[in-house]
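Trainee: Sharing a structure, written as structure tokens. Questions coming.
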Amino acid sequence: MEITKDIKYVGVNDHDIDLFEGHYIVPEGMAYNSYLICDDKTAVMDSVDEHFTDEWIGKIKQELGGNDPDYIIIQHMEPDHSGSLKAFMNEFKGATAVASQKAFTMMANFFEGDCFEDRQLVVKEGDTLDLGSHTLSFIAAPMVHWPEVIMTYDAKDKVLFSADAFGRFGALDMIGETVKEDDDWACEARRYYFGIVGKYGAQAQAVLKKAADLDIEQICSLHGPIINEDLGYYLGIYDTWSKYESESEGVVIAYTSVYGHTKKAVEMLAEKLEKAGVPRVEVTDLARDDMAEAVEDAFRHDTVVFATTTFNNDVFPFMKEFIHSLTERNFQNKRVAFIENGSWAPQAGKVMKGMLEGCKNLTCCENEVHIVSALNDASRAELDALAAELAAAYK
Ligand code: FEO
């Protein structure tokens, strides 16, 4: 694939991975993107996962027709990108490794002390690298998504190499090499963003502010398709996510249910909200549905209803994991409501509220639902009241 006349795609697709980063299901596979900039000097942008070393080096050789690359720019040291770096440095003995000081420190840790000391070029924010007609400038992007990250801007072709930012789950031979109008890029990009970068909204904001000063025509991430159209949309949605603003009006009802009674209450609430015309109602079973999808839904919508049972004087484990996943990612700016169940000493509501008490700008609904084992007239009335309160918020 040609990004521009001088920039080629040399990345790979992974269809064998079971869990990306040991954590995320990737039903469409995963792409480890790498790019080659051809000029008087040639530069490779990042390596790929170690399982694809031979394929990747083969692509570079094919593009360069027997010439060795001059530089490899290491924007990010996470092994999905650095796993083939050592093999590259062994294969191309004349190449110089270009990275931040922190990246070289990490290299030594990953490669038993080897950080290519005699072939290093340390760069920092504002430094440039002249390839001939292309001058690359480096942008520090700490914690998007590791501390050593740099992004790279090519002013000639107006390309931003954005490291992990603007990434999306999915192999390019399944989802397409470039973004398409009819592809729901945001769905898997949002799951990726909130799962992987979500904790670092302030740092993502800082990088977006730097990017605002650049004239960008294409964004080349380390994952997912090249963004080469409608850049305002993609930059705007990243701005929304990293500010922790809700993207859509609607209610997510996240629940666990042991014997079905809490589930029944959740289904009744969802039906009432839909009948009342709430814009979107999403229901997720935290024990059975993808947790990362539930997390992205919670950040996406403006209201989250938490429904669970008391368990060991605490909350059911999947709800505990869910709330922890939200709070460690700075969950904030939401309307929240609670449905608790408990057969002899209900604690779930109190525990859930306690877990969320450090979150900024949460508005708790006045109405709560208290189920003692199974729904009855009293708890059904509480459900009616909560549904009415939530529906009124969208009127
Ligand atoms: Fe794609 Fe943070 O590694």
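So you can find residues: chains in the structure tokens are A, B, ... in the order shown, residues in each start at 1, and ligands are numbered from 1 in order.
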Enumerate residues in contact with ligand 1: an atom-to-atom distance of at most 12 Å, counting only C-alpha atoms and all ligand atoms. Format the result as a PyMOL selection string.
Mentor: chain A and resi 20-22+30-34+46-49+74-83+141-150+162-169+192-193+195-198+221-224
Trainee: Using only C-alpha atoms, which protein or nucleic acid residues come within 10 Å of range 208-218 of chain A? Drop anything in the same chain fewer than 6 positions from it, and give the result as a VMD selection string.
Mentor: chain A and resid 3 to 4 139 to 141 151 153 to 162 165 178 202 226 to 231 235 to 236 238 to 239 242
Trainee: Excluding same-chain residues fewer than 2 positions from Ala265 in chain A, what lies within 12 Å of it counting only C-alpha atoms, as a ChimeraX atom specification?
Mentor: /A:253-257,259-263,267-272,283,305-309,338-341,369-376,379-384,386-387
Trainee: Near Gly170 in chain A, within 12 Å and counting only C-alpha atoms, which residues show up once chain neighbours fewer than 6 positions away are dropped, as an mmCIF file with all heavy atoms, in the first residue's frame?
Mentor:
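Saved to out_34.cif:
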```cif
data_model
loop_
_atom_site.group_PDB
_atom_site.id
_atom_site.type_symbol
_atom_site.label_atom_id
_atom_site.label_comp_id
_atom_site.auth_asym_id
_atom_site.auth_seq_id
_atom_site.Cartn_x
_atom_site.Cartn_y
_atom_site.Cartn_z
ATOM 1 N N VAL A 12 1.886 -5.604 9.178
ATOM 2 C CA VAL A 12 1.429 -7.003 9.061
ATOM 3 C C VAL A 12 0.076 -7.166 9.755
ATOM 4 O O VAL A 12 -0.305 -6.356 10.613
ATOM 5 C CB VAL A 12 2.450 -7.972 9.708
ATOM 6 C CG1 VAL A 12 3.796 -7.917 8.981
ATOM 7 C CG2 VAL A 12 2.633 -7.686 11.193
ATOM 8 N N ASN A 13 -0.618 -8.235 9.387
ATOM 9 C CA ASN A 13 -1.906 -8.581 9.996
ATOM 10 C C ASN A 13 -1.765 -9.839 10.839
ATOM 11 O O ASN A 13 -1.131 -10.796 10.408
ATOM 12 C CB ASN A 13 -2.956 -8.829 8.904
ATOM 13 C CG ASN A 13 -3.311 -7.544 8.179
ATOM 14 O OD1 ASN A 13 -3.612 -6.536 8.816
ATOM 15 N ND2 ASN A 13 -3.264 -7.576 6.854
ATOM 16 N N ASP A 14 -2.386 -9.826 12.000
ATOM 17 C CA ASP A 14 -2.319 -10.965 12.923
ATOM 18 C C ASP A 14 -3.727 -11.558 13.069
ATOM 19 O O ASP A 14 -4.621 -10.912 13.620
ATOM 20 C CB ASP A 14 -1.795 -10.459 14.283
ATOM 21 C CG ASP A 14 -1.537 -11.593 15.260
ATOM 22 O OD1 ASP A 14 -1.944 -12.729 14.971
ATOM 23 O OD2 ASP A 14 -0.927 -11.322 16.318
ATOM 24 N N HIS A 15 -3.875 -12.782 12.565
ATOM 25 C CA HIS A 15 -5.166 -13.474 12.721
ATOM 26 C C HIS A 15 -5.070 -14.623 13.721
ATOM 27 O O HIS A 15 -6.027 -15.376 13.886
ATOM 28 C CB HIS A 15 -5.660 -14.001 11.368
ATOM 29 C CG HIS A 15 -6.047 -12.909 10.425
ATOM 30 N ND1 HIS A 15 -7.188 -12.154 10.595
ATOM 31 C CD2 HIS A 15 -5.423 -12.411 9.338
ATOM 32 C CE1 HIS A 15 -7.262 -11.243 9.629
ATOM 33 N NE2 HIS A 15 -6.195 -11.373 8.861
ATOM 34 N N ASP A 16 -3.909 -14.778 14.331
ATOM 35 C CA ASP A 16 -3.711 -15.901 15.253
ATOM 36 C C ASP A 16 -3.853 -15.501 16.716
ATOM 37 O O ASP A 16 -4.016 -16.348 17.583
ATOM 38 C CB ASP A 16 -2.298 -16.502 15.059
ATOM 39 C CG ASP A 16 -2.124 -17.066 13.659
ATOM 40 O OD1 ASP A 16 -3.138 -17.541 13.109
ATOM 41 O OD2 ASP A 16 -1.005 -16.988 13.121
ATOM 42 N N ILE A 17 -3.778 -14.212 16.976
ATOM 43 C CA ILE A 17 -3.763 -13.744 18.365
ATOM 44 C C ILE A 17 -5.087 -14.087 19.048
ATOM 45 O O ILE A 17 -6.163 -13.964 18.445
ATOM 46 C CB ILE A 17 -3.485 -12.221 18.396
ATOM 47 C CG1 ILE A 17 -3.220 -11.755 19.813
ATOM 48 C CG2 ILE A 17 -4.593 -11.431 17.721
ATOM 49 C CD1 ILE A 17 -2.631 -10.356 19.882
ATOM 50 N N PHE A 20 -5.479 -9.576 22.476
ATOM 51 C CA PHE A 20 -4.522 -8.497 22.241
ATOM 52 C C PHE A 20 -4.096 -7.918 23.596
ATOM 53 O O PHE A 20 -4.944 -7.659 24.463
ATOM 54 C CB PHE A 20 -5.157 -7.412 21.370
ATOM 55 C CG PHE A 20 -4.258 -6.223 21.159
ATOM 56 C CD1 PHE A 20 -3.069 -6.362 20.470
ATOM 57 C CD2 PHE A 20 -4.593 -4.978 21.664
ATOM 58 C CE1 PHE A 20 -2.221 -5.273 20.288
ATOM 59 C CE2 PHE A 20 -3.758 -3.887 21.481
ATOM 60 C CZ PHE A 20 -2.567 -4.043 20.793
ATOM 61 N N TYR A 24 -7.685 -8.189 25.390
ATOM 62 C CA TYR A 24 -8.834 -7.780 24.578
ATOM 63 C C TYR A 24 -9.125 -8.780 23.472
ATOM 64 O O TYR A 24 -8.218 -9.128 22.698
ATOM 65 C CB TYR A 24 -8.577 -6.386 23.956
ATOM 66 C CG TYR A 24 -8.350 -5.356 25.018
ATOM 67 C CD1 TYR A 24 -7.059 -4.986 25.395
ATOM 68 C CD2 TYR A 24 -9.425 -4.803 25.691
ATOM 69 C CE1 TYR A 24 -6.855 -4.070 26.424
ATOM 70 C CE2 TYR A 24 -9.229 -3.895 26.718
ATOM 71 C CZ TYR A 24 -7.943 -3.535 27.082
ATOM 72 O OH TYR A 24 -7.745 -2.653 28.103
ATOM 73 N N ILE A 25 -10.374 -9.215 23.369
ATOM 74 C CA ILE A 25 -10.751 -10.058 22.244
ATOM 75 C C ILE A 25 -10.670 -9.212 20.967
ATOM 76 O O ILE A 25 -10.997 -8.016 20.981
ATOM 77 C CB ILE A 25 -12.166 -10.670 22.408
ATOM 78 C CG1 ILE A 25 -13.238 -9.577 22.596
ATOM 79 C CG2 ILE A 25 -12.191 -11.661 23.565
ATOM 80 C CD1 ILE A 25 -14.657 -10.070 22.401
ATOM 81 N N VAL A 26 -10.210 -9.851 19.895
ATOM 82 C CA VAL A 26 -10.100 -9.122 18.620
ATOM 83 C C VAL A 26 -10.679 -9.999 17.505
ATOM 84 O O VAL A 26 -9.955 -10.635 16.749
ATOM 85 C CB VAL A 26 -8.636 -8.691 18.312
ATOM 86 C CG1 VAL A 26 -8.270 -7.437 19.088
ATOM 87 C CG2 VAL A 26 -7.622 -9.784 18.623
ATOM 88 N N PRO A 27 -12.011 -10.026 17.418
ATOM 89 C CA PRO A 27 -12.647 -10.909 16.437
ATOM 90 C C PRO A 27 -12.239 -10.615 14.998
ATOM 91 O O PRO A 27 -12.330 -11.506 14.142
ATOM 92 C CB PRO A 27 -14.149 -10.670 16.647
ATOM 93 C CG PRO A 27 -14.289 -9.627 17.686
ATOM 94 C CD PRO A 27 -12.967 -9.311 18.266
ATOM 95 N N GLU A 28 -11.790 -9.403 14.728
ATOM 96 C CA GLU A 28 -11.342 -9.078 13.365
ATOM 97 C C GLU A 28 -9.815 -9.120 13.247
ATOM 98 O O GLU A 28 -9.253 -8.602 12.290
ATOM 99 C CB GLU A 28 -11.832 -7.688 12.969
ATOM 100 C CG GLU A 28 -13.351 -7.599 12.919
ATOM 101 C CD GLU A 28 -13.824 -6.173 12.677
ATOM 102 O OE1 GLU A 28 -13.458 -5.270 13.456
ATOM 103 O OE2 GLU A 28 -14.584 -5.965 11.722
ATOM 104 N N GLY A 29 -9.140 -9.737 14.212
ATOM 105 C CA GLY A 29 -7.676 -9.780 14.176
ATOM 106 C C GLY A 29 -7.073 -8.447 14.585
ATOM 107 O O GLY A 29 -7.751 -7.589 15.170
ATOM 108 N N MET A 30 -5.806 -8.288 14.289
ATOM 109 C CA MET A 30 -5.086 -7.076 14.721
ATOM 110 C C MET A 30 -4.033 -6.735 13.678
ATOM 111 O O MET A 30 -3.427 -7.638 13.086
ATOM 112 C CB MET A 30 -4.414 -7.362 16.065
ATOM 113 C CG MET A 30 -4.046 -6.148 16.846
ATOM 114 S SD MET A 30 -5.513 -5.201 17.350
ATOM 115 C CE MET A 30 -4.789 -3.615 17.670
ATOM 116 N N ALA A 31 -3.825 -5.457 13.465
ATOM 117 C CA ALA A 31 -2.755 -5.014 12.560
ATOM 118 C C ALA A 31 -1.650 -4.365 13.386
ATOM 119 O O ALA A 31 -1.925 -3.606 14.310
ATOM 120 C CB ALA A 31 -3.299 -4.007 11.553
ATOM 121 N N TYR A 32 -0.396 -4.694 13.054
ATOM 122 C CA TYR A 32 0.764 -3.987 13.609
ATOM 123 C C TYR A 32 1.319 -3.186 12.447
ATOM 124 O O TYR A 32 1.954 -3.737 11.548
ATOM 125 C CB TYR A 32 1.794 -4.971 14.163
ATOM 126 C CG TYR A 32 1.168 -6.025 15.047
ATOM 127 C CD1 TYR A 32 1.239 -7.376 14.715
ATOM 128 C CD2 TYR A 32 0.469 -5.663 16.199
ATOM 129 C CE1 TYR A 32 0.639 -8.335 15.504
ATOM 130 C CE2 TYR A 32 -0.147 -6.624 16.990
ATOM 131 C CZ TYR A 32 -0.059 -7.965 16.631
ATOM 132 O OH TYR A 32 -0.679 -8.908 17.416
ATOM 133 N N ASN A 33 1.042 -1.904 12.458
ATOM 134 C CA ASN A 33 1.403 -1.073 11.316
ATOM 135 C C ASN A 33 2.866 -0.636 11.385
ATOM 136 O O ASN A 33 3.393 -0.339 12.462
ATOM 137 C CB ASN A 33 0.512 0.169 11.246
ATOM 138 C CG ASN A 33 -0.943 -0.176 10.980
ATOM 139 O OD1 ASN A 33 -1.233 -1.263 10.483
ATOM 140 N ND2 ASN A 33 -1.847 0.723 11.292
ATOM 141 N N GLY A 176 -10.111 -3.112 6.128
ATOM 142 C CA GLY A 176 -9.746 -2.116 5.113
ATOM 143 C C GLY A 176 -8.485 -1.353 5.513
ATOM 144 O O GLY A 176 -8.203 -1.179 6.695
ATOM 145 N N GLU A 177 -7.754 -0.924 4.489
ATOM 146 C CA GLU A 177 -6.462 -0.267 4.742
ATOM 147 C C GLU A 177 -6.623 1.206 5.099
ATOM 148 O O GLU A 177 -5.774 1.794 5.748
ATOM 149 C CB GLU A 177 -5.580 -0.404 3.494
ATOM 150 C CG GLU A 177 -5.201 -1.866 3.216
ATOM 151 C CD GLU A 177 -4.458 -2.050 1.917
ATOM 152 O OE1 GLU A 177 -4.610 -1.211 0.998
ATOM 153 O OE2 GLU A 177 -3.721 -3.041 1.804
ATOM 154 N N ASP A 183 -17.787 2.392 7.292
ATOM 155 C CA ASP A 183 -17.245 1.532 8.337
ATOM 156 C C ASP A 183 -17.433 2.235 9.675
ATOM 157 O O ASP A 183 -17.155 3.420 9.804
ATOM 158 C CB ASP A 183 -15.746 1.285 8.076
ATOM 159 C CG ASP A 183 -15.086 0.579 9.256
ATOM 160 O OD1 ASP A 183 -15.696 -0.366 9.764
ATOM 161 O OD2 ASP A 183 -13.987 0.993 9.649
ATOM 162 N N ASP A 184 -17.924 1.497 10.677
ATOM 163 C CA ASP A 184 -18.106 2.107 11.987
ATOM 164 C C ASP A 184 -16.763 2.084 12.723
ATOM 165 O O ASP A 184 -16.566 1.329 13.667
ATOM 166 C CB ASP A 184 -19.197 1.366 12.769
ATOM 167 C CG ASP A 184 -19.535 2.077 14.066
ATOM 168 O OD1 ASP A 184 -19.003 3.174 14.306
ATOM 169 O OD2 ASP A 184 -20.336 1.531 14.843
ATOM 170 N N TRP A 185 -15.836 2.926 12.258
ATOM 171 C CA TRP A 185 -14.494 2.997 12.840
ATOM 172 C C TRP A 185 -14.570 3.222 14.342
ATOM 173 O O TRP A 185 -13.848 2.611 15.128
ATOM 174 C CB TRP A 185 -13.724 4.155 12.171
ATOM 175 C CG TRP A 185 -12.365 4.440 12.735
ATOM 176 C CD1 TRP A 185 -11.188 3.869 12.355
ATOM 177 C CD2 TRP A 185 -12.035 5.375 13.785
ATOM 178 N NE1 TRP A 185 -10.147 4.385 13.083
ATOM 179 C CE2 TRP A 185 -10.643 5.317 13.974
ATOM 180 C CE3 TRP A 185 -12.774 6.259 14.568
ATOM 181 C CZ2 TRP A 185 -9.973 6.096 14.917
ATOM 182 C CZ3 TRP A 185 -12.106 7.034 15.513
ATOM 183 C CH2 TRP A 185 -10.739 6.941 15.674
ATOM 184 N N CYS A 187 -16.571 2.372 16.645
ATOM 185 C CA CYS A 187 -16.970 1.304 17.561
ATOM 186 C C CYS A 187 -15.737 0.594 18.124
ATOM 187 O O CYS A 187 -15.538 0.537 19.336
ATOM 188 C CB CYS A 187 -17.895 0.330 16.841
ATOM 189 S SG CYS A 187 -18.422 -1.002 17.923
ATOM 190 N N GLU A 188 -14.885 0.078 17.246
ATOM 191 C CA GLU A 188 -13.702 -0.645 17.717
ATOM 192 C C GLU A 188 -12.560 0.293 18.112
ATOM 193 O O GLU A 188 -11.669 -0.092 18.870
ATOM 194 C CB GLU A 188 -13.236 -1.644 16.661
ATOM 195 C CG GLU A 188 -14.087 -2.913 16.609
ATOM 196 C CD GLU A 188 -13.968 -3.775 17.867
ATOM 197 O OE1 GLU A 188 -14.582 -3.417 18.893
ATOM 198 O OE2 GLU A 188 -13.280 -4.805 17.810
ATOM 199 N N ALA A 189 -12.569 1.520 17.605
ATOM 200 C CA ALA A 189 -11.558 2.495 18.041
ATOM 201 C C ALA A 189 -11.866 2.967 19.465
ATOM 202 O O ALA A 189 -10.964 3.211 20.262
ATOM 203 C CB ALA A 189 -11.518 3.686 17.096
ATOM 204 N N ARG A 191 -13.514 1.164 21.783
ATOM 205 C CA ARG A 191 -13.194 0.055 22.700
ATOM 206 C C ARG A 191 -11.686 0.017 22.941
ATOM 207 O O ARG A 191 -11.219 -0.203 24.055
ATOM 208 C CB ARG A 191 -13.688 -1.278 22.104
ATOM 209 C CG ARG A 191 -13.622 -2.448 23.081
ATOM 210 C CD ARG A 191 -14.399 -3.656 22.565
ATOM 211 N NE ARG A 191 -13.798 -4.303 21.413
ATOM 212 C CZ ARG A 191 -12.959 -5.335 21.465
ATOM 213 N NH1 ARG A 191 -12.638 -5.868 22.634
ATOM 214 N NH2 ARG A 191 -12.457 -5.863 20.367
ATOM 215 N N TYR A 192 -10.912 0.268 21.872
ATOM 216 C CA TYR A 192 -9.454 0.320 21.970
ATOM 217 C C TYR A 192 -9.028 1.517 22.842
ATOM 218 O O TYR A 192 -8.223 1.372 23.767
ATOM 219 C CB TYR A 192 -8.874 0.447 20.555
ATOM 220 C CG TYR A 192 -7.382 0.667 20.490
ATOM 221 C CD1 TYR A 192 -6.516 -0.418 20.319
ATOM 222 C CD2 TYR A 192 -6.837 1.937 20.583
ATOM 223 C CE1 TYR A 192 -5.148 -0.211 20.257
ATOM 224 C CE2 TYR A 192 -5.479 2.149 20.523
ATOM 225 C CZ TYR A 192 -4.639 1.067 20.355
ATOM 226 O OH TYR A 192 -3.288 1.265 20.302
ATOM 227 N N LEU A 222 -0.312 3.131 14.709
ATOM 228 C CA LEU A 222 0.335 1.818 14.750
ATOM 229 C C LEU A 222 -0.674 0.681 14.664
ATOM 230 O O LEU A 222 -0.295 -0.479 14.549
ATOM 231 C CB LEU A 222 1.173 1.695 16.034
ATOM 232 C CG LEU A 222 2.441 2.558 16.042
ATOM 233 C CD1 LEU A 222 3.125 2.495 17.404
ATOM 234 C CD2 LEU A 222 3.405 2.134 14.944
ATOM 235 N N HIS A 223 -1.951 0.996 14.765
ATOM 236 C CA HIS A 223 -2.999 -0.028 14.622
ATOM 237 C C HIS A 223 -4.147 0.567 13.806
ATOM 238 O O HIS A 223 -4.460 1.750 13.950
ATOM 239 C CB HIS A 223 -3.565 -0.438 15.988
ATOM 240 C CG HIS A 223 -2.557 -0.993 16.937
ATOM 241 N ND1 HIS A 223 -1.962 -2.213 16.765
ATOM 242 C CD2 HIS A 223 -2.044 -0.493 18.085
ATOM 243 C CE1 HIS A 223 -1.116 -2.444 17.766
ATOM 244 N NE2 HIS A 223 -1.144 -1.414 18.574
ATOM 245 N N GLY A 224 -4.788 -0.291 13.029
ATOM 246 C CA GLY A 224 -5.993 0.156 12.336
ATOM 247 C C GLY A 224 -5.700 0.878 11.044
ATOM 248 O O GLY A 224 -4.542 1.073 10.652
ATOM 249 N N PRO A 225 -6.770 1.284 10.365
ATOM 250 C CA PRO A 225 -6.616 1.860 9.028
ATOM 251 C C PRO A 225 -5.999 3.251 9.040
ATOM 252 O O PRO A 225 -6.049 3.965 10.042
ATOM 253 C CB PRO A 225 -8.061 1.918 8.509
ATOM 254 C CG PRO A 225 -8.907 1.966 9.729
ATOM 255 C CD PRO A 225 -8.180 1.218 10.800
#
```
Trainee: Take CA of Gly65 in chain A and CA of His134 in chain A and report the distance between them in Å, one decimal.
Mentor: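 Taking CA of Gly65 in chain A as the start and CA of His134 in chain A as the end point, the length is 20.5 Å.
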Trainee: Apply DSSP to the backbone of this structure and, from range 71-269 of chain A, keep only the residues in helix (DSSP H, G or I); write these as an MDAnalysis selection string.
Mentor: chainID A and resid 79:82 85:91 101:110 117:119 172:175 185:211 231:242 261:269
Trainee: If you keep C-alpha atoms, can you produce a file of those selected residues as a compact mmCIF listing (two decimals), in the first residue's frame?
Mentor:
```txt
# COMPACT_ATOMS: atom_id res chain seq x y z
CA PRO A 79 6.35 -5.45 22.32
CA ASP A 80 3.54 -5.38 19.72
CA HIS A 81 5.79 -2.76 18.06
CA SER A 82 9.29 -3.47 19.32
CA LEU A 85 13.47 -4.52 16.58
CA LYS A 86 16.45 -6.60 17.59
CA ALA A 87 16.14 -8.79 14.49
CA PHE A 88 15.97 -5.62 12.36
CA MET A 89 19.14 -4.20 13.93
CA ASN A 90 20.91 -7.52 13.36
CA GLU A 91 19.71 -7.72 9.76
CA GLN A 101 15.86 8.39 25.99
CA LYS A 102 13.17 6.51 27.90
CA ALA A 103 12.68 4.15 24.96
CA PHE A 104 16.39 3.29 24.94
CA THR A 105 16.20 2.56 28.67
CA MET A 106 13.26 0.24 28.01
CA MET A 107 15.16 -1.38 25.13
CA ALA A 108 17.95 -2.34 27.51
CA ASN A 109 15.36 -3.88 29.83
CA PHE A 110 13.66 -5.84 27.06
CA GLU A 117 24.56 2.08 22.15
CA ASP A 118 26.83 2.67 19.16
CA ARG A 119 23.85 3.03 16.78
CA LEU A 172 -6.37 -4.41 7.71
CA ASP A 173 -7.20 -7.29 5.37
CA MET A 174 -10.54 -7.53 7.21
CA ILE A 175 -11.39 -3.93 8.01
CA TRP A 185 -14.49 3.00 12.84
CA ALA A 186 -15.51 4.52 16.15
CA CYS A 187 -16.97 1.30 17.56
CA GLU A 188 -13.70 -0.64 17.72
CA ALA A 189 -11.56 2.49 18.04
CA ARG A 190 -13.55 3.50 21.12
CA ARG A 191 -13.19 0.05 22.70
CA TYR A 192 -9.45 0.32 21.97
CA TYR A 193 -9.16 3.91 23.27
CA PHE A 194 -11.00 3.43 26.57
CA GLY A 195 -9.44 0.04 27.19
CA ILE A 196 -5.87 1.04 26.46
CA VAL A 197 -5.47 4.81 26.68
CA GLY A 198 -8.59 5.77 28.68
CA LYS A 199 -6.77 6.48 31.93
CA TYR A 200 -4.59 9.07 30.21
CA GLY A 201 -7.14 11.60 28.98
CA ALA A 202 -5.08 14.59 30.17
CA GLN A 203 -2.02 13.33 28.28
CA ALA A 204 -4.09 12.66 25.14
CA GLN A 205 -5.46 16.21 25.43
CA ALA A 206 -1.91 17.60 25.61
CA VAL A 207 -0.97 15.80 22.39
CA LEU A 208 -4.14 16.89 20.62
CA LYS A 209 -3.25 20.50 21.43
CA LYS A 210 0.16 20.01 19.81
CA ALA A 211 -1.45 18.33 16.79
CA LEU A 231 -9.83 14.35 9.76
CA GLY A 232 -11.94 16.82 11.74
CA TYR A 233 -14.28 14.00 12.75
CA TYR A 234 -11.49 11.76 14.03
CA LEU A 235 -9.65 14.54 15.85
CA GLY A 236 -12.98 15.72 17.29
CA ILE A 237 -14.03 12.31 18.60
CA TYR A 238 -10.62 11.85 20.25
CA ASP A 239 -11.09 15.25 21.85
CA THR A 240 -14.49 14.17 23.23
CA TRP A 241 -13.13 10.87 24.56
CA SER A 242 -10.03 12.36 26.15
CA HIS A 261 -34.27 -11.69 39.55
CA THR A 262 -31.94 -8.73 39.05
CA LYS A 263 -31.96 -9.45 35.31
CA LYS A 264 -35.77 -9.30 35.33
CA ALA A 265 -35.65 -5.88 36.99
CA VAL A 266 -33.11 -4.68 34.42
CA GLU A 267 -35.24 -5.90 31.53
CA MET A 268 -38.30 -4.17 32.97
CA LEU A 269 -36.36 -0.92 33.37
```
Trainee: Hey, what does DSSP flag as strand (DSSP E) within range 36-82 of chain A? Can you give it to me as a list in words?
Mentor: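 Secondary structure check on range 36-82 of chain A, strand (DSSP E): Leu36, Ile37, Cys38, Thr42, Ala43, Val44, Met45, Tyr71, Ile72 and Ile73 of chain A.
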